[in-house]
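Presented below is the structure to which this report refers.
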Amino acid sequence: MKNGFWSSFHNQATLAYNNSFSVGFNYENRFNIKEMGTRSAGLIFPAGKASMAAIYSQFGYSDFSREMTGLACGLKLSNKLSAGIQVDYFSEKTSAEYNNIQSVTCEAGLLIITSEYTRLGIHIFNPVPNSIRKTFLPTSLRIGAGTNLNKLLFAGIEAEMSTGRKLIVRTGFEYEAAKKLWLRGGFCTDNNSFSFGLGFLVKIMQMDIGFVTHEKLGVTSSVSLKFKIH
């Protein structure tokens, strides 16, 4: 439910508040195994009363990889309500005699400004029944709320329900430790994962560094760069 470059691809309704041309790049090193790395790139650009976006993500290595491409749009419906939608294309490629898999789906979100300091976000992924497609994709629903506890501290909580999985709850905070420097932390009930990181802004560039723990597999690290051009 928080405005931001990458959060716009988790709830497309927040795209409505991104009114500048922006481009970002991200790399996630899962459990320090290069074959499980994920590379992502995104683009946001204003288009009249709406904001448009495109994202590309690639996971894996030469013998097994997954790619995702998405096109999104977010629009303010009123001063307190915005909505967004995204069309996704997934491709899974393997070596040897195994078949490659492609699928298309969509996702959508709402953002409700409940007060000056508090907001509510709702997001659904893959509302399309699997009975009409050849390959299985899970359906998920996420609901989250966040508030500015003061001028420097933001806190949020989110619940996610997904096909074939238990309820997942995530909590997190962001603290502005200094001008243009933010500290972040969080907890997820899935695998009892803790997360922490920081972000800082230098002119038009913002860098974010994050770490997520796993109770058995170790630490996943990620770094992203975002460039905002007015």
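We label chains A, B, ... in the order they appear in the structure tokens, count residues from 1 in each chain, and number ligands from 1 in the order shown.
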
Members of segment 2-210 of chain A assigned strand (DSSP E) by DSSP, as an MDAnalysis selection string: chainID A and resid 21:29 37:47 50:61 64:76 81:94 101:113 118:125 140:148 153:162 168:178 181:188 193:202 205:210

Exercise: segment 124-134 of chain A partners within 8 Å, only C-alpha atoms, chain neighbours under 6 positions left out, as an MDAnalysis selection string: chainID A and resid 105:109 140:142

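Among the candidates A:Asp63, A:Glu160, A:Met1, A:Thr171, the residue lying nearest to Leu110 of chain A is A:Met1 (atoms considered: only C-alpha atoms).
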
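The list of residues with at least one atom within 8 Å of Ile209 of chain A, based on only C-alpha atoms and without residues fewer than 2 positions apart in the same chain, reads Gly197, Leu198, Gly199, Met207, Phe211, Ser221, Ser222, Val223 and Ser224 of chain A.
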
Can you write just those residues out, all heavy atoms, as a CSV table (one decimal), in the first residue's frame?
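Result saved to part_8.csv:
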```
chain,number,residue,atom,x,y,z
A,197,GLY,N,17.1,-3.8,5.7
A,197,GLY,CA,17.8,-3.2,4.6
A,197,GLY,C,17.9,-1.7,4.8
A,197,GLY,O,17.4,-1.1,5.8
A,198,LEU,N,18.3,-1.0,3.7
A,198,LEU,CA,18.4,0.4,3.7
A,198,LEU,C,18.3,1.0,2.3
A,198,LEU,O,18.5,0.2,1.3
A,198,LEU,CB,19.7,0.9,4.4
A,198,LEU,CG,21.0,0.5,3.8
A,198,LEU,CD1,21.5,1.4,2.7
A,198,LEU,CD2,22.1,0.4,4.9
A,199,GLY,N,17.9,2.2,2.2
A,199,GLY,CA,17.9,2.9,0.9
A,199,GLY,C,18.4,4.3,1.1
A,199,GLY,O,18.2,4.9,2.2
A,207,MET,N,19.3,4.0,-4.4
A,207,MET,CA,19.8,2.6,-4.3
A,207,MET,C,19.2,2.0,-3.0
A,207,MET,O,19.0,2.6,-2.0
A,207,MET,CB,21.3,2.6,-4.1
A,207,MET,CG,21.9,1.2,-3.8
A,207,MET,SD,23.7,1.1,-3.8
A,207,MET,CE,24.1,1.1,-5.5
A,211,PHE,N,18.1,-7.7,2.7
A,211,PHE,CA,18.5,-9.0,3.1
A,211,PHE,C,17.2,-9.7,3.7
A,211,PHE,O,16.5,-9.1,4.5
A,211,PHE,CB,19.6,-9.0,4.1
A,211,PHE,CG,20.8,-8.3,3.6
A,211,PHE,CD1,21.0,-7.0,3.9
A,211,PHE,CD2,21.8,-9.0,2.9
A,211,PHE,CE1,22.2,-6.3,3.4
A,211,PHE,CE2,22.9,-8.4,2.4
A,211,PHE,CZ,23.1,-7.0,2.7
A,221,SER,N,20.0,-12.0,-0.6
A,221,SER,CA,20.3,-10.5,-0.6
A,221,SER,C,19.8,-10.0,-2.0
A,221,SER,O,19.7,-10.7,-3.0
A,221,SER,CB,21.9,-10.3,-0.5
A,221,SER,OG,22.5,-11.0,-1.6
A,222,SER,N,19.6,-8.7,-2.0
A,222,SER,CA,19.1,-8.0,-3.2
A,222,SER,C,19.6,-6.6,-3.2
A,222,SER,O,19.9,-6.0,-2.2
A,222,SER,CB,17.6,-8.1,-3.3
A,222,SER,OG,17.0,-7.3,-2.2
A,223,VAL,N,19.8,-6.1,-4.4
A,223,VAL,CA,20.2,-4.7,-4.6
A,223,VAL,C,19.4,-4.1,-5.8
A,223,VAL,O,19.2,-4.8,-6.8
A,223,VAL,CB,21.7,-4.5,-4.8
A,223,VAL,CG1,22.2,-5.3,-6.0
A,223,VAL,CG2,22.1,-3.1,-4.9
A,224,SER,N,19.0,-2.9,-5.7
A,224,SER,CA,18.3,-2.3,-6.8
A,224,SER,C,18.7,-0.8,-7.0
A,224,SER,O,19.1,-0.1,-6.0
A,224,SER,CB,16.7,-2.3,-6.6
A,224,SER,OG,16.3,-1.5,-5.6
```

Test item: residues at most 9 Å from segment 48-60 of chain A, only C-alpha atoms, excluding those fewer than 5 positions along its chain, as a PyMOL selection string: chain A and resi 8-9+12+15-20+34-43+65-76+86

Requested write-out: N, CA, C and O atoms of the selected residues, as a compact mmCIF listing (two decimals), in the first residue's frame:
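Below you can see part31.txt, which holds the result:
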```
# COMPACT_ATOMS: atom_id res chain seq x y z
N SER A 8 4.82 -0.55 -6.99
CA SER A 8 3.82 -0.36 -8.03
C SER A 8 3.56 -1.63 -8.82
O SER A 8 2.51 -1.77 -9.45
N PHE A 9 4.50 -2.56 -8.80
CA PHE A 9 4.32 -3.82 -9.50
C PHE A 9 3.75 -4.90 -8.57
O PHE A 9 3.49 -6.01 -9.01
N GLN A 12 -0.77 -2.40 -8.50
CA GLN A 12 -0.71 -1.47 -9.62
C GLN A 12 -1.48 -0.18 -9.36
O GLN A 12 -1.30 0.81 -10.08
N LEU A 15 0.57 2.95 -8.93
CA LEU A 15 1.12 3.60 -10.12
C LEU A 15 0.54 4.99 -10.31
O LEU A 15 1.20 5.88 -10.86
N ALA A 16 -0.69 5.18 -9.87
CA ALA A 16 -1.36 6.46 -10.05
C ALA A 16 -0.63 7.61 -9.36
O ALA A 16 -0.83 8.78 -9.71
N TYR A 17 0.23 7.28 -8.37
CA TYR A 17 0.96 8.30 -7.63
C TYR A 17 2.40 8.45 -8.12
O TYR A 17 3.17 9.21 -7.54
N ASN A 18 2.77 7.72 -9.17
CA ASN A 18 4.09 7.87 -9.78
C ASN A 18 3.94 8.72 -11.04
O ASN A 18 3.59 8.22 -12.11
N ASN A 19 4.21 10.00 -10.91
CA ASN A 19 3.95 10.95 -11.98
C ASN A 19 5.20 11.40 -12.72
O ASN A 19 5.18 12.39 -13.45
N SER A 20 6.30 10.67 -12.54
CA SER A 20 7.55 10.99 -13.22
C SER A 20 8.05 9.78 -13.99
O SER A 20 7.79 8.63 -13.61
N LYS A 34 24.08 -18.73 -7.44
CA LYS A 34 23.94 -17.91 -8.64
C LYS A 34 22.89 -18.47 -9.60
O LYS A 34 22.25 -17.72 -10.34
N GLU A 35 22.70 -19.81 -9.61
CA GLU A 35 21.70 -20.39 -10.49
C GLU A 35 20.28 -20.03 -10.08
O GLU A 35 19.33 -20.24 -10.85
N MET A 36 20.10 -19.50 -8.87
CA MET A 36 18.78 -19.10 -8.40
C MET A 36 18.63 -17.59 -8.34
O MET A 36 17.78 -17.05 -7.63
N GLY A 37 19.47 -16.88 -9.10
CA GLY A 37 19.39 -15.43 -9.13
C GLY A 37 18.22 -14.94 -9.97
O GLY A 37 17.80 -15.58 -10.93
N THR A 38 17.67 -13.79 -9.59
CA THR A 38 16.58 -13.16 -10.33
C THR A 38 17.00 -11.76 -10.74
O THR A 38 17.46 -10.97 -9.91
N ARG A 39 16.83 -11.45 -12.03
CA ARG A 39 17.17 -10.14 -12.58
C ARG A 39 15.90 -9.49 -13.07
O ARG A 39 15.13 -10.11 -13.81
N SER A 40 15.68 -8.23 -12.68
CA SER A 40 14.43 -7.54 -13.03
C SER A 40 14.72 -6.13 -13.51
O SER A 40 15.70 -5.51 -13.10
N ALA A 41 13.86 -5.65 -14.38
CA ALA A 41 13.93 -4.27 -14.86
C ALA A 41 12.52 -3.75 -15.01
O ALA A 41 11.60 -4.49 -15.41
N GLY A 42 12.32 -2.48 -14.68
CA GLY A 42 11.00 -1.89 -14.76
C GLY A 42 11.05 -0.48 -15.31
O GLY A 42 12.08 0.21 -15.24
N LEU A 43 9.93 -0.04 -15.85
CA LEU A 43 9.81 1.28 -16.46
C LEU A 43 8.44 1.85 -16.12
O LEU A 43 7.43 1.17 -16.29
N SER A 65 14.97 -21.87 -16.68
CA SER A 65 14.73 -20.44 -16.44
C SER A 65 13.25 -20.13 -16.53
O SER A 65 12.48 -20.83 -17.21
N ARG A 66 12.86 -19.09 -15.80
CA ARG A 66 11.50 -18.57 -15.86
C ARG A 66 11.57 -17.08 -16.18
O ARG A 66 12.36 -16.35 -15.57
N GLU A 67 10.75 -16.65 -17.10
CA GLU A 67 10.69 -15.25 -17.48
C GLU A 67 9.28 -14.73 -17.31
O GLU A 67 8.30 -15.46 -17.51
N MET A 68 9.19 -13.46 -16.94
CA MET A 68 7.89 -12.83 -16.75
C MET A 68 7.94 -11.43 -17.36
O MET A 68 8.90 -10.68 -17.15
N THR A 69 6.94 -11.09 -18.13
CA THR A 69 6.79 -9.76 -18.72
C THR A 69 5.41 -9.23 -18.36
O THR A 69 4.41 -9.96 -18.48
N GLY A 70 5.34 -8.00 -17.90
CA GLY A 70 4.07 -7.43 -17.51
C GLY A 70 3.89 -6.01 -18.02
O GLY A 70 4.84 -5.24 -18.09
N LEU A 71 2.66 -5.67 -18.39
CA LEU A 71 2.28 -4.32 -18.80
C LEU A 71 1.17 -3.85 -17.87
O LEU A 71 0.18 -4.57 -17.68
N ALA A 72 1.32 -2.67 -17.28
CA ALA A 72 0.41 -2.23 -16.24
C ALA A 72 -0.06 -0.80 -16.46
O ALA A 72 0.55 -0.02 -17.18
N CYS A 73 -1.17 -0.47 -15.77
CA CYS A 73 -1.72 0.88 -15.80
C CYS A 73 -2.37 1.16 -14.46
O CYS A 73 -3.05 0.31 -13.89
N GLY A 74 -2.15 2.37 -13.93
CA GLY A 74 -2.78 2.80 -12.69
C GLY A 74 -3.46 4.14 -12.88
O GLY A 74 -2.96 5.01 -13.60
N LEU A 75 -4.61 4.33 -12.22
CA LEU A 75 -5.41 5.53 -12.44
C LEU A 75 -6.07 5.96 -11.13
O LEU A 75 -6.62 5.13 -10.40
N LYS A 76 -6.05 7.27 -10.85
CA LYS A 76 -6.78 7.81 -9.72
C LYS A 76 -8.26 7.92 -10.08
O LYS A 76 -8.63 8.56 -11.05
N GLN A 86 -2.76 -5.17 -14.45
CA GLN A 86 -1.55 -5.59 -15.14
C GLN A 86 -1.80 -6.91 -15.87
O GLN A 86 -2.44 -7.81 -15.33
```

Shell around Ala177 of chain A at 12 Å using only C-alpha atoms, local window under 5 positions removed, as number ranges by chain: A: 151-154, 182-184, 198-200

Could you save the residues just selected, with all heavy atoms, as a PDB file, in the first residue's frame?
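Written out: out.pdb:
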```
ATOM      1  N   LYS A 151       6.326  11.689  11.377  1.00  0.00           N
ATOM      2  CA  LYS A 151       6.916  12.164  10.124  1.00  0.00           C
ATOM      3  C   LYS A 151       8.070  11.281   9.641  1.00  0.00           C
ATOM      4  O   LYS A 151       8.433  11.322   8.462  1.00  0.00           O
ATOM      5  CB  LYS A 151       7.408  13.606  10.292  1.00  0.00           C
ATOM      6  CG  LYS A 151       6.289  14.618  10.501  1.00  0.00           C
ATOM      7  CD  LYS A 151       6.850  16.019  10.603  1.00  0.00           C
ATOM      8  CE  LYS A 151       5.726  17.037  10.769  1.00  0.00           C
ATOM      9  NZ  LYS A 151       6.241  18.430  10.866  1.00  0.00           N
ATOM     10  N   LEU A 152       8.647  10.472  10.535  1.00  0.00           N
ATOM     11  CA  LEU A 152       9.825   9.699  10.181  1.00  0.00           C
ATOM     12  C   LEU A 152       9.583   8.200  10.090  1.00  0.00           C
ATOM     13  O   LEU A 152      10.399   7.486   9.511  1.00  0.00           O
ATOM     14  CB  LEU A 152      10.949   9.955  11.201  1.00  0.00           C
ATOM     15  CG  LEU A 152      11.399  11.401  11.386  1.00  0.00           C
ATOM     16  CD1 LEU A 152      12.469  11.481  12.471  1.00  0.00           C
ATOM     17  CD2 LEU A 152      11.922  11.983  10.076  1.00  0.00           C
ATOM     18  N   LEU A 153       8.499   7.710  10.654  1.00  0.00           N
ATOM     19  CA  LEU A 153       8.301   6.258  10.788  1.00  0.00           C
ATOM     20  C   LEU A 153       7.003   5.810  10.129  1.00  0.00           C
ATOM     21  O   LEU A 153       5.930   6.317  10.434  1.00  0.00           O
ATOM     22  CB  LEU A 153       8.290   5.876  12.265  1.00  0.00           C
ATOM     23  CG  LEU A 153       8.127   4.380  12.587  1.00  0.00           C
ATOM     24  CD1 LEU A 153       9.273   3.570  12.003  1.00  0.00           C
ATOM     25  CD2 LEU A 153       8.031   4.166  14.096  1.00  0.00           C
ATOM     26  N   PHE A 154       7.138   4.822   9.236  1.00  0.00           N
ATOM     27  CA  PHE A 154       5.995   4.190   8.574  1.00  0.00           C
ATOM     28  C   PHE A 154       5.967   2.719   8.969  1.00  0.00           C
ATOM     29  O   PHE A 154       6.999   2.058   9.017  1.00  0.00           O
ATOM     30  CB  PHE A 154       6.120   4.316   7.052  1.00  0.00           C
ATOM     31  CG  PHE A 154       5.042   3.578   6.288  1.00  0.00           C
ATOM     32  CD1 PHE A 154       3.844   4.192   6.001  1.00  0.00           C
ATOM     33  CD2 PHE A 154       5.239   2.267   5.878  1.00  0.00           C
ATOM     34  CE1 PHE A 154       2.845   3.525   5.305  1.00  0.00           C
ATOM     35  CE2 PHE A 154       4.253   1.591   5.177  1.00  0.00           C
ATOM     36  CZ  PHE A 154       3.052   2.213   4.889  1.00  0.00           C
ATOM     37  N   TRP A 182      17.003   5.842   4.497  1.00  0.00           N
ATOM     38  CA  TRP A 182      15.925   5.102   5.139  1.00  0.00           C
ATOM     39  C   TRP A 182      16.411   3.735   5.607  1.00  0.00           C
ATOM     40  O   TRP A 182      17.163   3.051   4.895  1.00  0.00           O
ATOM     41  CB  TRP A 182      14.761   4.903   4.161  1.00  0.00           C
ATOM     42  CG  TRP A 182      14.125   6.183   3.725  1.00  0.00           C
ATOM     43  CD1 TRP A 182      13.072   6.826   4.306  1.00  0.00           C
ATOM     44  CD2 TRP A 182      14.502   6.992   2.606  1.00  0.00           C
ATOM     45  NE1 TRP A 182      12.766   7.978   3.627  1.00  0.00           N
ATOM     46  CE2 TRP A 182      13.629   8.110   2.580  1.00  0.00           C
ATOM     47  CE3 TRP A 182      15.507   6.882   1.635  1.00  0.00           C
ATOM     48  CZ2 TRP A 182      13.723   9.103   1.608  1.00  0.00           C
ATOM     49  CZ3 TRP A 182      15.607   7.873   0.669  1.00  0.00           C
ATOM     50  CH2 TRP A 182      14.718   8.960   0.664  1.00  0.00           C
ATOM     51  N   LEU A 183      15.982   3.349   6.807  1.00  0.00           N
ATOM     52  CA  LEU A 183      16.251   2.022   7.343  1.00  0.00           C
ATOM     53  C   LEU A 183      14.956   1.232   7.348  1.00  0.00           C
ATOM     54  O   LEU A 183      13.891   1.766   7.662  1.00  0.00           O
ATOM     55  CB  LEU A 183      16.808   2.120   8.769  1.00  0.00           C
ATOM     56  CG  LEU A 183      18.103   2.911   8.950  1.00  0.00           C
ATOM     57  CD1 LEU A 183      18.503   2.930  10.427  1.00  0.00           C
ATOM     58  CD2 LEU A 183      19.223   2.335   8.102  1.00  0.00           C
ATOM     59  N   ARG A 184      15.032  -0.078   7.012  1.00  0.00           N
ATOM     60  CA  ARG A 184      13.827  -0.890   6.888  1.00  0.00           C
ATOM     61  C   ARG A 184      14.010  -2.224   7.585  1.00  0.00           C
ATOM     62  O   ARG A 184      15.128  -2.740   7.678  1.00  0.00           O
ATOM     63  CB  ARG A 184      13.494  -1.122   5.414  1.00  0.00           C
ATOM     64  CG  ARG A 184      13.382   0.156   4.596  1.00  0.00           C
ATOM     65  CD  ARG A 184      12.998  -0.135   3.162  1.00  0.00           C
ATOM     66  NE  ARG A 184      12.882   1.092   2.379  1.00  0.00           N
ATOM     67  CZ  ARG A 184      13.767   1.487   1.469  1.00  0.00           C
ATOM     68  NH1 ARG A 184      14.820   0.734   1.210  1.00  0.00           N
ATOM     69  NH2 ARG A 184      13.594   2.616   0.810  1.00  0.00           N
ATOM     70  N   LEU A 198      18.342  -1.023   3.724  1.00  0.00           N
ATOM     71  CA  LEU A 198      18.414   0.433   3.740  1.00  0.00           C
ATOM     72  C   LEU A 198      18.294   0.956   2.316  1.00  0.00           C
ATOM     73  O   LEU A 198      18.505   0.234   1.340  1.00  0.00           O
ATOM     74  CB  LEU A 198      19.708   0.917   4.390  1.00  0.00           C
ATOM     75  CG  LEU A 198      21.045   0.470   3.772  1.00  0.00           C
ATOM     76  CD1 LEU A 198      21.508   1.425   2.684  1.00  0.00           C
ATOM     77  CD2 LEU A 198      22.120   0.377   4.850  1.00  0.00           C
ATOM     78  N   GLY A 199      17.940   2.223   2.229  1.00  0.00           N
ATOM     79  CA  GLY A 199      17.862   2.898   0.950  1.00  0.00           C
ATOM     80  C   GLY A 199      18.355   4.318   1.090  1.00  0.00           C
ATOM     81  O   GLY A 199      18.214   4.936   2.151  1.00  0.00           O
ATOM     82  N   PHE A 200      18.977   4.836   0.038  1.00  0.00           N
ATOM     83  CA  PHE A 200      19.440   6.212   0.076  1.00  0.00           C
ATOM     84  C   PHE A 200      19.314   6.835  -1.302  1.00  0.00           C
ATOM     85  O   PHE A 200      19.348   6.148  -2.332  1.00  0.00           O
ATOM     86  CB  PHE A 200      20.875   6.318   0.606  1.00  0.00           C
ATOM     87  CG  PHE A 200      21.892   5.531  -0.177  1.00  0.00           C
ATOM     88  CD1 PHE A 200      22.583   6.095  -1.238  1.00  0.00           C
ATOM     89  CD2 PHE A 200      22.152   4.210   0.165  1.00  0.00           C
ATOM     90  CE1 PHE A 200      23.515   5.356  -1.941  1.00  0.00           C
ATOM     91  CE2 PHE A 200      23.086   3.469  -0.542  1.00  0.00           C
ATOM     92  CZ  PHE A 200      23.773   4.047  -1.601  1.00  0.00           C
TER      93      PHE A 200
END
```

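Taking only C-alpha atoms into account, Lys226 of chain A lies nearest to A:Ser22 out of the set A:Asn3, A:Ser22, A:Asn79, A:Val169.
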
Distance query Val202 of chain A at most 10 Å, only C-alpha atoms, self and fewer than 6 positions along chain excluded, as an NGL selection string: :A and (180-181 or 227)

Straight-line distance linking atom CA of Gly146 of chain A with atom CA of Gly172 of chain A, stated in Å to one decimal: 9.2 Å

All helix (DSSP H, G or I) residues (DSSP, backbone) inside segment 73-226 of chain A, as a PyMOL selection string: chain A and resi 130-132+190-192

Dump as a PDB file, in the first residue's frame, selection limited to C-alpha atoms:
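The new file selection.pdb reads:
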```pdb
ATOM      1  CA  ASN A 130      -7.272 -22.831 -13.914  1.00  0.00           C
ATOM      2  CA  SER A 131      -9.939 -25.022 -15.507  1.00  0.00           C
ATOM      3  CA  ILE A 132      -9.742 -22.916 -18.681  1.00  0.00           C
ATOM      4  CA  ASP A 190       6.388 -18.004   5.934  1.00  0.00           C
ATOM      5  CA  ASN A 191       9.578 -19.811   7.103  1.00  0.00           C
ATOM      6  CA  ASN A 192       9.817 -17.285   9.987  1.00  0.00           C
TER       7      ASN A 192
END
```

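Between atom CA of Gly186 of chain A and atom CA of Gly164 of chain A the separation is 24.3 Å.
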
Nearest candidate to Ile113 of chain A (options A:Met205, A:Arg165, A:Ala13, A:Arg170; using only C-alpha atoms): A:Ala13
